[in-house]
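Participant: Dropping in run05.tsv, with TSV, C-alpha atoms.
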```tsv
chain	number	residue	atom	x	y	z
A	29	MET	CA	-147.08	28.40	-100.17
A	30	ARG	CA	-146.37	24.82	-101.25
A	31	HIS	CA	-144.60	26.10	-104.34
A	32	SER	CA	-142.42	28.33	-102.16
A	33	ILE	CA	-141.45	25.44	-99.87
A	34	LYS	CA	-140.65	23.19	-102.84
A	35	THR	CA	-138.51	25.88	-104.42
A	36	THR	CA	-136.64	26.44	-101.15
A	37	MET	CA	-135.90	22.71	-100.77
A	38	MET	CA	-134.60	22.48	-104.32
A	39	VAL	CA	-132.26	25.41	-103.65
A	40	LEU	CA	-130.95	23.73	-100.49
A	41	VAL	CA	-130.39	20.41	-102.29
A	42	THR	CA	-128.58	22.19	-105.12
A	43	MET	CA	-126.39	24.11	-102.65
A	44	PHE	CA	-125.51	20.89	-100.84
A	45	ALA	CA	-124.57	19.15	-104.09
A	46	PHE	CA	-122.32	22.00	-105.16
A	47	SER	CA	-120.80	22.22	-101.68
A	48	THR	CA	-119.94	18.48	-101.69
A	49	ALA	CA	-118.31	18.67	-105.12
A	50	ALA	CA	-116.36	21.75	-104.09
A	51	ASP	CA	-115.17	20.07	-100.90
A	52	ALA	CA	-114.01	16.99	-102.83
A	53	GLN	CA	-112.09	19.14	-105.30
A	54	PHE	CA	-110.59	21.16	-102.46
A	55	SER	CA	-109.40	17.95	-100.79
A	56	ILE	CA	-107.72	16.83	-104.02
A	57	ASN	CA	-106.02	20.20	-104.37
A	58	LEU	CA	-104.77	20.00	-100.79
A	59	ASN	CA	-103.30	16.58	-101.50
A	60	LYS	CA	-101.47	17.93	-104.55
A	61	ALA	CA	-100.27	20.92	-102.56
A	62	ARG	CA	-98.98	18.65	-99.81
A	63	LYS	CA	-96.98	16.57	-102.28
A	64	ALA	CA	-95.63	19.70	-103.99
A	65	LEU	CA	-94.27	20.85	-100.59
A	66	GLY	CA	-92.69	17.46	-100.00
A	67	ILE	CA	-94.87	16.74	-96.97
A	68	LYS	CA	-95.47	13.01	-96.46
A	69	THR	CA	-98.23	11.09	-94.70
A	70	LYS	CA	-97.49	8.76	-91.78
A	71	LYS	CA	-97.83	5.77	-94.09
A	72	GLU	CA	-95.40	7.25	-96.63
A	73	LYS	CA	-92.89	8.02	-93.87
A	74	ALA	CA	-93.20	4.47	-92.54
A	75	MET	CA	-92.53	3.01	-96.00
A	76	ASP	CA	-89.51	5.31	-96.43
A	77	ALA	CA	-88.06	3.90	-93.21
A	78	LEU	CA	-88.00	0.43	-94.78
A	79	LYS	CA	-86.06	1.50	-97.87
A	80	PRO	CA	-82.40	0.40	-98.01
A	81	THR	CA	-81.14	3.94	-97.36
A	82	ILE	CA	-79.56	5.92	-94.52
A	83	PRO	CA	-82.20	6.30	-91.77
A	84	GLN	CA	-83.50	9.78	-91.00
A	85	PRO	CA	-84.73	10.98	-87.57
A	86	ASP	CA	-88.24	9.93	-86.61
A	87	LYS	CA	-89.28	12.00	-83.57
A	88	LYS	CA	-92.25	9.71	-82.89
A	89	GLY	CA	-90.29	6.51	-83.47
A	90	LYS	CA	-90.05	4.03	-80.61
A	91	PRO	CA	-86.91	2.04	-79.70
A	92	VAL	CA	-86.54	-1.27	-81.54
A	93	THR	CA	-85.09	-4.27	-79.72
A	94	ILE	CA	-82.09	-6.00	-81.33
A	95	LYS	CA	-81.59	-9.71	-80.66
A	96	TRP	CA	-78.81	-12.22	-81.11
A	97	MET	CA	-80.20	-15.76	-81.37
A	98	ASN	CA	-83.48	-14.70	-79.64
A	99	LYS	CA	-81.62	-12.90	-76.81
A	100	LYS	CA	-81.88	-9.12	-76.47
A	101	VAL	CA	-78.48	-7.47	-76.90
A	102	GLY	CA	-79.39	-3.84	-77.54
A	103	GLU	CA	-81.73	-1.25	-79.02
A	104	TRP	CA	-82.01	1.06	-82.02
A	105	ASP	CA	-83.61	4.44	-81.30
A	106	PRO	CA	-85.06	5.94	-84.52
A	107	ALA	CA	-85.64	9.28	-82.77
A	108	THR	CA	-82.02	9.85	-81.67
A	109	LEU	CA	-80.42	7.59	-84.34
A	110	MET	CA	-78.42	5.76	-81.66
A	111	LEU	CA	-77.43	2.12	-81.31
A	112	VAL	CA	-77.12	1.24	-77.62
A	113	PHE	CA	-75.93	-2.25	-76.69
A	114	ASN	CA	-76.32	-4.06	-73.36
A	115	ASP	CA	-72.59	-4.67	-73.13
A	116	THR	CA	-70.51	-1.99	-71.40
A	117	TYR	CA	-67.00	-0.65	-71.84
A	118	ASP	CA	-64.36	-2.16	-69.55
A	119	GLU	CA	-61.73	-0.38	-67.47
A	120	SER	CA	-59.48	0.16	-70.49
A	121	ALA	CA	-62.03	2.69	-71.82
A	122	GLY	CA	-61.09	5.13	-69.04
A	123	GLU	CA	-63.86	7.64	-68.31
A	124	TYR	CA	-66.32	5.59	-70.37
A	125	ALA	CA	-65.83	2.39	-68.34
A	126	GLY	CA	-69.16	0.91	-67.25
A	127	GLN	CA	-71.17	2.84	-69.85
A	128	HIS	CA	-73.15	1.05	-72.57
A	129	ILE	CA	-71.40	0.57	-75.90
A	130	THR	CA	-73.03	3.20	-78.10
A	131	PHE	CA	-72.89	4.27	-81.74
A	132	MET	CA	-74.43	7.48	-83.14
A	133	LEU	CA	-75.45	8.09	-86.76
A	134	ASP	CA	-75.17	11.34	-88.71
A	135	PRO	CA	-78.18	11.16	-91.09
A	136	ALA	CA	-76.69	13.69	-93.49
A	137	THR	CA	-73.44	11.82	-94.14
A	138	GLY	CA	-74.16	8.27	-92.96
A	139	LYS	CA	-71.11	8.43	-90.68
A	140	TRP	CA	-71.07	6.65	-87.34
A	141	THR	CA	-69.24	7.75	-84.21
A	142	ASN	CA	-68.75	5.97	-80.89
A	143	ILE	CA	-69.49	7.29	-77.41
A	144	ALA	CA	-66.24	9.28	-77.48
A	145	GLY	CA	-67.13	10.89	-80.80
A	146	ARG	CA	-64.52	8.94	-82.75
A	147	PRO	CA	-65.25	7.47	-86.24
A	148	ALA	CA	-67.00	4.07	-86.22
A	149	GLY	CA	-67.65	3.52	-89.91
A	150	GLN	CA	-70.04	4.86	-92.52
A	151	MET	CA	-73.15	3.82	-94.47
A	152	ASN	CA	-73.72	4.85	-98.07
A	153	ASN	CA	-76.95	4.65	-100.04
A	154	ASP	CA	-75.17	2.67	-102.78
A	155	GLY	CA	-74.75	-0.14	-100.24
A	156	THR	CA	-71.07	0.38	-99.38
A	157	LEU	CA	-70.49	-0.03	-95.64
A	158	GLU	CA	-67.37	0.88	-93.69
A	159	THR	CA	-67.55	-1.12	-90.47
A	160	PRO	CA	-65.57	-1.50	-87.20
A	161	ASN	CA	-65.41	-5.31	-87.33
A	162	LEU	CA	-65.26	-6.37	-90.99
A	163	GLY	CA	-63.81	-3.32	-92.74
A	164	THR	CA	-65.48	-2.58	-96.07
A	165	ILE	CA	-68.48	-4.76	-96.92
A	166	LYS	CA	-71.19	-4.39	-99.55
A	167	PHE	CA	-74.97	-4.53	-99.25
A	168	ASN	CA	-76.98	-5.11	-102.46
A	169	PRO	CA	-80.30	-3.17	-102.16
A	170	LYS	CA	-81.89	-5.28	-104.93
A	171	THR	CA	-81.07	-8.74	-103.61
A	172	ASN	CA	-80.43	-8.00	-99.89
A	173	GLU	CA	-77.10	-9.84	-100.20
A	174	VAL	CA	-74.18	-8.88	-97.97
A	175	SER	CA	-70.73	-9.45	-99.47
A	176	MET	CA	-67.19	-9.36	-98.12
A	177	ASP	CA	-64.14	-9.56	-100.35
A	178	GLY	CA	-66.41	-10.36	-103.29
A	179	GLU	CA	-68.11	-13.33	-101.60
A	180	VAL	CA	-71.75	-13.34	-100.47
A	181	ILE	CA	-71.68	-14.04	-96.73
A	182	GLY	CA	-75.35	-13.53	-95.91
A	183	PHE	CA	-78.50	-11.45	-96.18
A	184	ALA	CA	-80.01	-8.44	-94.41
A	185	THR	CA	-83.74	-7.66	-94.63
A	186	ILE	CA	-86.05	-5.18	-92.88
A	187	ASN	CA	-85.94	-7.18	-89.64
A	188	GLU	CA	-83.28	-9.90	-89.65
A	189	ALA	CA	-79.84	-10.97	-90.78
A	190	SER	CA	-78.48	-14.38	-91.76
A	191	CYS	CA	-74.95	-15.57	-92.38
A	192	TYR	CA	-74.28	-18.66	-94.53
A	193	GLY	CA	-77.82	-19.92	-93.97
A	194	THR	CA	-78.02	-19.24	-90.21
A	195	THR	CA	-80.33	-16.46	-89.02
A	196	PHE	CA	-78.33	-15.00	-86.14
A	197	SER	CA	-79.91	-11.61	-85.49
A	198	SER	CA	-83.34	-9.98	-85.60
A	199	PHE	CA	-85.04	-6.65	-84.94
A	200	ASP	CA	-88.43	-6.51	-83.17
A	201	GLY	CA	-89.61	-3.95	-85.70
A	202	TYR	CA	-89.01	-2.93	-89.30
A	203	VAL	CA	-86.07	-0.71	-90.19
A	204	SER	CA	-83.89	0.08	-93.17
A	205	PRO	CA	-82.06	-3.08	-94.39
A	206	LEU	CA	-78.96	-0.90	-94.72
A	207	LEU	CA	-79.09	-0.32	-90.96
A	208	VAL	CA	-79.58	-4.05	-90.32
A	209	ALA	CA	-76.54	-4.85	-92.47
A	210	TYR	CA	-74.30	-2.33	-90.67
A	211	THR	CA	-75.49	-3.28	-87.19
A	212	THR	CA	-75.40	-7.05	-87.52
A	213	PHE	CA	-72.46	-7.65	-89.85
A	214	GLY	CA	-70.43	-4.51	-89.15
A	215	VAL	CA	-70.74	-4.40	-85.36
A	216	MET	CA	-72.09	-7.67	-83.96
A	217	VAL	CA	-70.02	-10.39	-85.68
A	218	SER	CA	-66.31	-10.98	-86.19
A	219	LYS	CA	-64.51	-12.62	-89.08
A	220	ASP	CA	-63.94	-15.70	-86.90
A	221	GLN	CA	-67.68	-16.02	-86.25
A	222	ILE	CA	-68.40	-15.68	-89.96
A	223	GLY	CA	-65.93	-18.50	-90.55
A	224	ARG	CA	-67.82	-20.67	-88.06
A	225	PHE	CA	-71.16	-19.91	-89.75
A	226	LYS	CA	-69.62	-20.96	-93.05
A	227	LEU	CA	-68.33	-24.19	-91.51
A	228	LEU	CA	-71.82	-24.93	-90.12
A	229	GLN	CA	-73.27	-24.53	-93.59
A	230	GLN	CA	-70.66	-26.84	-95.09
A	231	GLN	CA	-71.36	-29.45	-92.42
A	232	ALA	CA	-75.12	-29.14	-93.00
A	233	LYS	CA	-74.59	-29.67	-96.73
A	234	ALA	CA	-72.45	-32.73	-96.07
A	235	GLU	CA	-75.06	-34.14	-93.68
A	236	ALA	CA	-77.84	-33.45	-96.18
A	237	ALA	CA	-75.88	-35.21	-98.92
A	238	ALA	CA	-75.31	-38.21	-96.62
A	239	ARG	CA	-78.99	-38.36	-95.72
A	240	ALA	CA	-79.99	-38.10	-99.37
A	241	ALA	CA	-77.65	-40.97	-100.24
A	242	LYS	CA	-79.04	-43.03	-97.35
A	243	GLU	CA	-82.60	-42.26	-98.45
A	244	ARG	CA	-81.80	-43.38	-102.01
A	245	GLU	CA	-80.35	-46.58	-100.60
A	246	LEU	CA	-83.44	-47.19	-98.47
A	247	ALA	CA	-85.73	-46.33	-101.37
A	248	ALA	CA	-83.94	-48.86	-103.55
A	249	ALA	CA	-84.28	-51.47	-100.80
A	250	ARG	CA	-88.00	-50.69	-100.42
A	251	ALA	CA	-88.49	-50.94	-104.17
A	252	ALA	CA	-86.74	-54.31	-104.27
A	253	SER	CA	-88.82	-55.55	-101.33
A	254	SER	CA	-92.01	-54.28	-102.93
A	255	SER	CA	-91.14	-56.08	-106.15
A	256	ARG	CA	-90.66	-59.36	-104.31
A	257	VAL	CA	-93.94	-59.01	-102.45
A	258	SER	CA	-95.68	-58.05	-105.70
A	259	SER	CA	-94.56	-61.23	-107.40
A	260	SER	CA	-96.17	-63.36	-104.66
A	261	SER	CA	-99.35	-61.35	-104.15
A	262	SER	CA	-100.68	-58.45	-106.22
A	263	SER	CA	-103.03	-57.37	-103.43
A	264	SER	CA	-100.16	-57.22	-100.96
A	265	SER	CA	-98.20	-55.15	-103.46
A	266	ASN	CA	-101.01	-52.65	-103.83
A	267	SER	CA	-101.27	-52.31	-100.06
A	268	SER	CA	-97.53	-51.75	-99.75
A	269	SER	CA	-97.60	-49.11	-102.49
A	270	SER	CA	-100.46	-47.27	-100.83
A	271	SER	CA	-98.69	-47.29	-97.46
A	272	SER	CA	-95.46	-46.00	-99.01
A	273	SER	CA	-97.16	-43.11	-100.84
A	274	SER	CA	-99.05	-42.01	-97.72
A	275	SER	CA	-95.94	-41.78	-95.52
A	276	LYS	CA	-94.93	-38.21	-94.74
A	277	GLN	CA	-91.40	-36.99	-95.44
A	278	SER	CA	-89.35	-34.41	-93.60
A	279	ILE	CA	-89.57	-30.91	-95.08
A	280	GLU	CA	-86.10	-29.72	-96.01
A	281	LEU	CA	-85.56	-25.96	-95.59
A	282	TYR	CA	-83.29	-24.10	-97.99
A	283	ARG	CA	-82.18	-20.47	-98.10
A	284	SER	CA	-80.20	-19.09	-101.02
A	285	GLY	CA	-79.58	-22.62	-102.27
A	286	SER	CA	-78.19	-23.88	-98.95
A	287	ARG	CA	-80.00	-26.28	-96.65
A	288	PHE	CA	-80.29	-24.81	-93.14
A	289	GLY	CA	-82.92	-26.94	-91.43
A	290	GLU	CA	-85.85	-29.34	-91.57
A	291	ILE	CA	-89.35	-29.94	-90.22
A	292	ARG	CA	-89.79	-33.58	-89.29
A	293	PRO	CA	-93.10	-35.47	-89.64
A	294	ASN	CA	-93.76	-35.23	-85.88
A	295	GLY	CA	-93.41	-31.42	-86.00
A	296	ASP	CA	-89.90	-31.23	-84.56
A	297	ILE	CA	-87.89	-28.38	-86.08
A	298	TYR	CA	-84.15	-28.70	-86.62
A	299	ILE	CA	-81.83	-25.81	-87.54
A	300	SER	CA	-78.23	-26.55	-88.52
A	301	GLY	CA	-78.64	-30.11	-87.24
A	302	SER	CA	-79.91	-29.17	-83.77
A	303	ARG	CA	-83.49	-29.50	-82.50
A	304	VAL	CA	-84.66	-25.96	-81.67
A	305	GLY	CA	-88.39	-26.49	-81.14
A	306	GLU	CA	-91.60	-27.86	-82.54
A	307	ALA	CA	-94.74	-26.86	-84.42
A	308	ARG	CA	-97.72	-28.60	-82.83
A	309	SER	CA	-100.86	-29.66	-84.66
A	310	ASN	CA	-102.96	-27.02	-82.85
A	311	GLY	CA	-100.75	-24.24	-84.23
A	312	ASP	CA	-98.65	-23.65	-81.10
A	313	ILE	CA	-94.98	-22.87	-81.71
A	314	TYR	CA	-92.50	-24.08	-79.10
A	315	VAL	CA	-88.89	-22.91	-78.91
A	316	ASN	CA	-86.53	-24.82	-76.63
A	317	GLY	CA	-89.47	-26.19	-74.65
A	318	SER	CA	-91.29	-22.86	-74.19
A	319	ASN	CA	-94.48	-21.74	-75.96
A	320	ARG	CA	-93.42	-18.66	-77.95
A	321	GLY	CA	-96.55	-18.13	-80.03
A	322	GLU	CA	-99.11	-19.64	-82.31
A	323	VAL	CA	-100.50	-19.69	-85.84
A	324	ARG	CA	-104.27	-19.61	-85.49
A	325	SER	CA	-106.74	-21.37	-87.77
A	326	ASN	CA	-107.59	-18.08	-89.51
A	327	GLY	CA	-103.92	-17.48	-90.31
A	328	ASP	CA	-103.25	-14.83	-87.64
A	329	VAL	CA	-99.76	-15.15	-86.17
A	330	TYR	CA	-99.20	-14.33	-82.51
A	331	LYS	CA	-95.83	-13.98	-80.85
A	332	SER	CA	-95.53	-13.61	-77.06
A	333	GLY	CA	-99.23	-12.78	-76.96
A	334	ARG	CA	-99.05	-10.05	-79.63
A	335	ARG	CA	-100.45	-10.30	-83.16
A	336	VAL	CA	-97.52	-9.80	-85.51
A	337	GLY	CA	-98.91	-10.77	-88.90
A	338	GLU	CA	-101.05	-13.00	-91.05
A	339	ILE	CA	-100.62	-16.05	-93.27
A	340	ARG	CA	-103.40	-16.06	-95.84
A	341	SER	CA	-104.92	-19.17	-97.41
A	342	ASN	CA	-103.16	-18.44	-100.74
A	343	GLY	CA	-99.77	-18.41	-99.00
A	344	GLU	CA	-99.36	-14.61	-98.94
A	345	ILE	CA	-97.61	-13.19	-95.87
A	346	TYR	CA	-98.62	-9.89	-94.26
A	347	LEU	CA	-96.70	-8.06	-91.55
A	348	ASP	CA	-98.52	-5.13	-89.89
A	349	GLY	CA	-100.92	-4.95	-92.83
A	350	ARG	CA	-98.18	-4.93	-95.49
A	351	ARG	CA	-97.72	-7.81	-97.93
A	352	VAL	CA	-94.07	-8.82	-97.70
A	353	GLY	CA	-93.95	-12.18	-99.43
A	354	GLU	CA	-95.48	-15.57	-100.01
A	355	VAL	CA	-94.98	-19.31	-99.69
A	356	ARG	CA	-95.95	-20.87	-103.01
A	357	SER	CA	-97.50	-24.31	-103.48
A	358	ASN	CA	-94.21	-25.71	-104.80
A	359	GLY	CA	-92.43	-24.64	-101.61
A	360	ASP	CA	-90.70	-21.56	-103.05
A	361	VAL	CA	-90.44	-18.72	-100.53
A	362	TYR	CA	-90.60	-15.15	-101.86
A	363	LEU	CA	-89.67	-11.94	-100.03
A	364	ASP	CA	-90.54	-8.63	-101.71
A	365	GLY	CA	-90.87	-10.37	-105.08
A	366	ARG	CA	-87.57	-12.27	-104.85
A	367	CYS	CA	-87.19	-16.01	-104.25
A	368	VAL	CA	-85.09	-16.39	-101.10
A	369	GLY	CA	-85.63	-20.03	-100.25
A	370	ASN	CA	-87.46	-23.30	-100.76
A	371	ALA	CA	-89.23	-25.83	-98.54
A	372	ARG	CA	-88.83	-29.19	-100.22
A	373	ASN	CA	-91.42	-31.97	-99.72
A	374	MET	CA	-93.91	-29.35	-98.44
A	375	THR	CA	-97.64	-30.00	-98.75
A	376	SER	CA	-100.49	-27.49	-98.58
A	377	SER	CA	-101.04	-28.33	-94.91
A	378	ASP	CA	-97.44	-27.30	-94.11
A	379	VAL	CA	-97.60	-23.72	-95.47
A	380	LYS	CA	-98.28	-22.06	-92.10
A	381	THR	CA	-95.42	-23.84	-90.35
A	382	VAL	CA	-93.01	-23.02	-93.18
A	383	ALA	CA	-94.10	-19.37	-93.17
A	384	ALA	CA	-93.62	-19.16	-89.39
A	385	ILE	CA	-89.99	-20.20	-89.81
A	386	TYR	CA	-89.10	-17.97	-92.78
A	387	PHE	CA	-90.99	-14.80	-91.88
A	388	PHE	CA	-91.68	-14.57	-88.15
A	389	ASN	CA	-88.31	-15.23	-86.48
A	390	PHE	CA	-89.43	-17.91	-84.03
A	391	PHE	CA	-86.14	-19.81	-84.45
```
Translate the structure of the given file into structure tokens.

Facilitator:
Amino acid sequence: MRHSIKTTMMVLVTMFAFSTAADAQFSINLNKARKALGIKTKKEKAMDALKPTIPQPDKKGKPVTIKWMNKKVGEWDPATLMLVFNDTYDESAGEYAGQHITFMLDPATGKWTNIAGRPAGQMNNDGTLETPNLGTIKFNPKTNEVSMDGEVIGFATINEASCYGTTFSSFDGYVSPLLVAYTTFGVMVSKDQIGRFKLLQQQAKAEAAARAAKERELAAARAASSSRVSSSSSSSSNSSSSSSSSSKQSIELYRSGSRFGEIRPNGDIYISGSRVGEARSNGDIYVNGSNRGEVRSNGDVYKSGRRVGEIRSNGEIYLDGRRVGEVRSNGDVYLDGRCVGNARNMTSSDVKTVAAIYFFNFF
């Protein structure tokens, strides 16, 4: 009897082992079959949506808010492939007066039409964009640069656009950079506005050069003063040297070689010469006097009460679980493997504040 029971158990164990191996193999075969049919997982579809190509319909996609300088101006609907802006047509639009300005995308051709069905430009996967406002512009999928008449005028990423160093538009979600380029540069800005952004950058450069010259002058004066004190008292000299080395400098923020802002020792944040907010010692981020979010001690980043990403101790940046870039110890800022900026005079304790500015669209 015991022998019979033992034999039966061995048979059951053997059957289970073979069943598990068969199930594992079957799962692998299903995965191969799925790929052969061109069927993609949710994760694969989400990653495709971030590629710099013409967006395709996503029936389960939710509307993404579009902002101009932190103010909502419209929405992108990935399900209907429609751009709907808050502004409405005036009386000159006839039957469309009072309706929201709307653009619709044909995913097969990349062509856009307006609410009346008339042509409103076209997107091409090679980066060529025909736009209502700027005519033909070019988006470089490898560098994220946007060019007009052969000159780089800004950048478009998966969730924001900048023009001559000023980040002027953002998406509260991740979309194709090609869509960001068309929407922000092709529809939302004019050539006059681009000219003003360029002038702001030139003024910022001039101001930075003046400050640098002033700092050199002050440094020379401090060195001369230190030398005089040193000659009268070596101990006083050592104290002066220690005090000078411990003083904290402003962090200068650069994007694409152009200075666009700074973080001052007291936490005040300046963009294009204007104070826009502050980063407090407890991690709170204030924008124009209002608390807009925080960077917690564990690196989690919250915006308007919602967790939007993570800044890891090694400087790596994660958005919705995906590694998108890093802030290196020398201040270099990398997005998708490409250096897009630099935070000069940054120390290890400043990484979180720098990352909040470059990656999380607080300012």

Participant: How many Å separate atom CA of A:Pro85 from atom CA of A:Leu109?

Facilitator: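 Between these atoms lies a distance of 6.4 Å.
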
Participant: With 12 Å as the cut-off and all atoms listed in the file counted, what is the closest atom pair between each nearby residue of stretch 142-217 of chain A and stretch 111-131 of chain A? Distances in Å to one decimal, ordered by chain and number, as JSON lines.

Facilitator:
```
{"residue": "A:Asn142", "atom": "CA", "partner": "A:Phe131", "partner_atom": "CA", "distance": 4.6}
{"residue": "A:Ile143", "atom": "CA", "partner": "A:Thr130", "partner_atom": "CA", "distance": 5.5}
{"residue": "A:Ala144", "atom": "CA", "partner": "A:Tyr124", "partner_atom": "CA", "distance": 8.0}
{"residue": "A:Gly145", "atom": "CA", "partner": "A:Phe131", "partner_atom": "CA", "distance": 8.8}
{"residue": "A:Arg146", "atom": "CA", "partner": "A:Phe131", "partner_atom": "CA", "distance": 9.6}
{"residue": "A:Pro147", "atom": "CA", "partner": "A:Phe131", "partner_atom": "CA", "distance": 9.4}
{"residue": "A:Ala148", "atom": "CA", "partner": "A:Phe131", "partner_atom": "CA", "distance": 7.4}
{"residue": "A:Gly149", "atom": "CA", "partner": "A:Phe131", "partner_atom": "CA", "distance": 9.7}
{"residue": "A:Gln150", "atom": "CA", "partner": "A:Phe131", "partner_atom": "CA", "distance": 11.2}
{"residue": "A:Thr159", "atom": "CA", "partner": "A:Phe131", "partner_atom": "CA", "distance": 11.6}
{"residue": "A:Pro160", "atom": "CA", "partner": "A:Phe131", "partner_atom": "CA", "distance": 10.8}
{"residue": "A:Leu207", "atom": "CA", "partner": "A:Leu111", "partner_atom": "CA", "distance": 10.1}
{"residue": "A:Val208", "atom": "CA", "partner": "A:Leu111", "partner_atom": "CA", "distance": 11.1}
{"residue": "A:Tyr210", "atom": "CA", "partner": "A:Leu111", "partner_atom": "CA", "distance": 10.8}
{"residue": "A:Thr211", "atom": "CA", "partner": "A:Leu111", "partner_atom": "CA", "distance": 8.2}
{"residue": "A:Thr212", "atom": "CA", "partner": "A:Leu111", "partner_atom": "CA", "distance": 11.3}
{"residue": "A:Gly214", "atom": "CA", "partner": "A:Phe131", "partner_atom": "CA", "distance": 11.7}
{"residue": "A:Val215", "atom": "CA", "partner": "A:Phe131", "partner_atom": "CA", "distance": 9.6}
{"residue": "A:Met216", "atom": "CA", "partner": "A:Phe113", "partner_atom": "CA", "distance": 9.8}
```

Participant: As an exercise, work out the distance from atom CA of A:Asp177 to atom CA of A:Pro83 in Å and give it to one decimal place.

Facilitator: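 Answer for the atom CA of A:Asp177 to atom CA of A:Pro83 separation: 25.5 Å.
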
Participant: A:Ile345: which residues within 8 Å, counting all atoms listed in the file, same-chain residues fewer than 5 positions away excluded, as number ranges by chain?

Facilitator: A: 337-340, 351-355, 383, 387

Participant: Have a look at atom CA of A:Ser204 and atom CA of A:Ile82 and let me know their distance in Å, one decimal.

Facilitator: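 Between atom CA of A:Ser204 and atom CA of A:Ile82 the gap works out to 7.4 Å.
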
Participant: Write out as JSON lines the residues of stretch 176-287 of chain A that have any atom within 10 Å of an atom of stretch 98-107 of chain A, one row each with the nearest atom pair and its distance in Å to one decimal, counting all atoms listed in the file, sorted by chain and then rising number.

Facilitator:
```
{"residue": "A:Phe196", "atom": "CA", "partner": "A:Asn98", "partner_atom": "CA", "distance": 8.3}
{"residue": "A:Ser197", "atom": "CA", "partner": "A:Asn98", "partner_atom": "CA", "distance": 7.5}
{"residue": "A:Ser198", "atom": "CA", "partner": "A:Asn98", "partner_atom": "CA", "distance": 7.6}
{"residue": "A:Phe199", "atom": "CA", "partner": "A:Glu103", "partner_atom": "CA", "distance": 8.7}
{"residue": "A:Asp200", "atom": "CA", "partner": "A:Glu103", "partner_atom": "CA", "distance": 9.5}
{"residue": "A:Gly201", "atom": "CA", "partner": "A:Trp104", "partner_atom": "CA", "distance": 9.8}
{"residue": "A:Val203", "atom": "CA", "partner": "A:Pro106", "partner_atom": "CA", "distance": 8.8}
{"residue": "A:Leu207", "atom": "CA", "partner": "A:Trp104", "partner_atom": "CA", "distance": 9.5}
{"residue": "A:Thr211", "atom": "CA", "partner": "A:Trp104", "partner_atom": "CA", "distance": 9.4}
{"residue": "A:Met216", "atom": "CA", "partner": "A:Val101", "partner_atom": "CA", "distance": 9.5}
```

Participant: Counting all atoms listed in the file, which residue out of A:Ala232, A:Ile222, A:Val329, A:Ala371 sits closest to A:Met176?

Facilitator: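 Of A:Ala232, A:Ile222, A:Val329, A:Ala371, the one nearest A:Met176 is A:Ile222, counting all atoms listed in the file.
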
Participant: If you count all atoms listed in the file, which residues fall within 12 Å of A:Glu179, apart from same-chain ones fewer than 3 positions away, as a ChimeraX atom specification?

Facilitator: /A:165-167,173-176,182-183,191-192,222,226

Participant: Counting only C-alpha atoms, figure out which residue out of A:Gly349, A:Gly359, A:Gly321, A:Gly295 gets nearest to A:Leu281.

Facilitator: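 Of A:Gly349, A:Gly359, A:Gly321, A:Gly295, the one nearest A:Leu281, counting only C-alpha atoms, is A:Gly359.
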
Participant: Which residues, written as a compact mmCIF listing (two decimals) with C-alpha atoms, in the coordinates of the input, have at least one atom at most 12 Å from A:Gly305, with all atoms listed in the file counted and residues fewer than 6 positions away on the same chain left out?

Facilitator:
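So the final result, stored in part-v3.txt, reads:
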```txt
# COMPACT_ATOMS: atom_id res chain seq x y z
CA GLY A 289 -82.92 -26.94 -91.43
CA GLU A 290 -85.85 -29.34 -91.57
CA ILE A 291 -89.35 -29.94 -90.22
CA ARG A 292 -89.79 -33.58 -89.29
CA ASN A 294 -93.76 -35.23 -85.88
CA GLY A 295 -93.41 -31.42 -86.00
CA ASP A 296 -89.90 -31.23 -84.56
CA ILE A 297 -87.89 -28.38 -86.08
CA TYR A 298 -84.15 -28.70 -86.62
CA ILE A 299 -81.83 -25.81 -87.54
CA ASP A 312 -98.65 -23.65 -81.10
CA ILE A 313 -94.98 -22.87 -81.71
CA TYR A 314 -92.50 -24.08 -79.10
CA VAL A 315 -88.89 -22.91 -78.91
CA ASN A 316 -86.53 -24.82 -76.63
CA GLY A 317 -89.47 -26.19 -74.65
CA SER A 318 -91.29 -22.86 -74.19
CA ASN A 319 -94.48 -21.74 -75.96
CA ARG A 320 -93.42 -18.66 -77.95
CA GLY A 321 -96.55 -18.13 -80.03
CA THR A 381 -95.42 -23.84 -90.35
CA ILE A 385 -89.99 -20.20 -89.81
CA PHE A 390 -89.43 -17.91 -84.03
CA PHE A 391 -86.14 -19.81 -84.45
```

Participant: Using all atoms listed in the file for the distances, tell me which of A:Ala136, A:Asn373, A:Gly327, A:Arg334 is nearest to A:Lys276.

Facilitator: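 Using all atoms listed in the file, the shortest distance to A:Lys276 belongs to A:Asn373.
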
Participant: Fewer than 6 positions away in the same chain doesn't count, so skip those; otherwise give me all residues within 12 Å of A:Thr171, counting all atoms listed in the file, as a ChimeraX atom specification.

Facilitator: /A:80,155,180,182-185,205,284,362-368

Participant: Closest to A:Val323 among A:Gly163, A:Gly301, A:Gly193, A:Gly311, using only C-alpha atoms?

Facilitator: A:Gly311

Participant: Calculated over only C-alpha atoms, which of the candidates A:Leu246, A:Met97, A:Met132, A:Ala241 has the smallest distance to A:Thr194?

Facilitator: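 Residue with the minimum atom-to-atom distance to A:Thr194: A:Met97.
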
Participant: So, counting all atoms listed in the file, which residue among A:Ser332, A:Ser286, A:Asn187, A:Gln221 is closest to A:Lys95?

Facilitator: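 The closest residue to A:Lys95 is A:Asn187.
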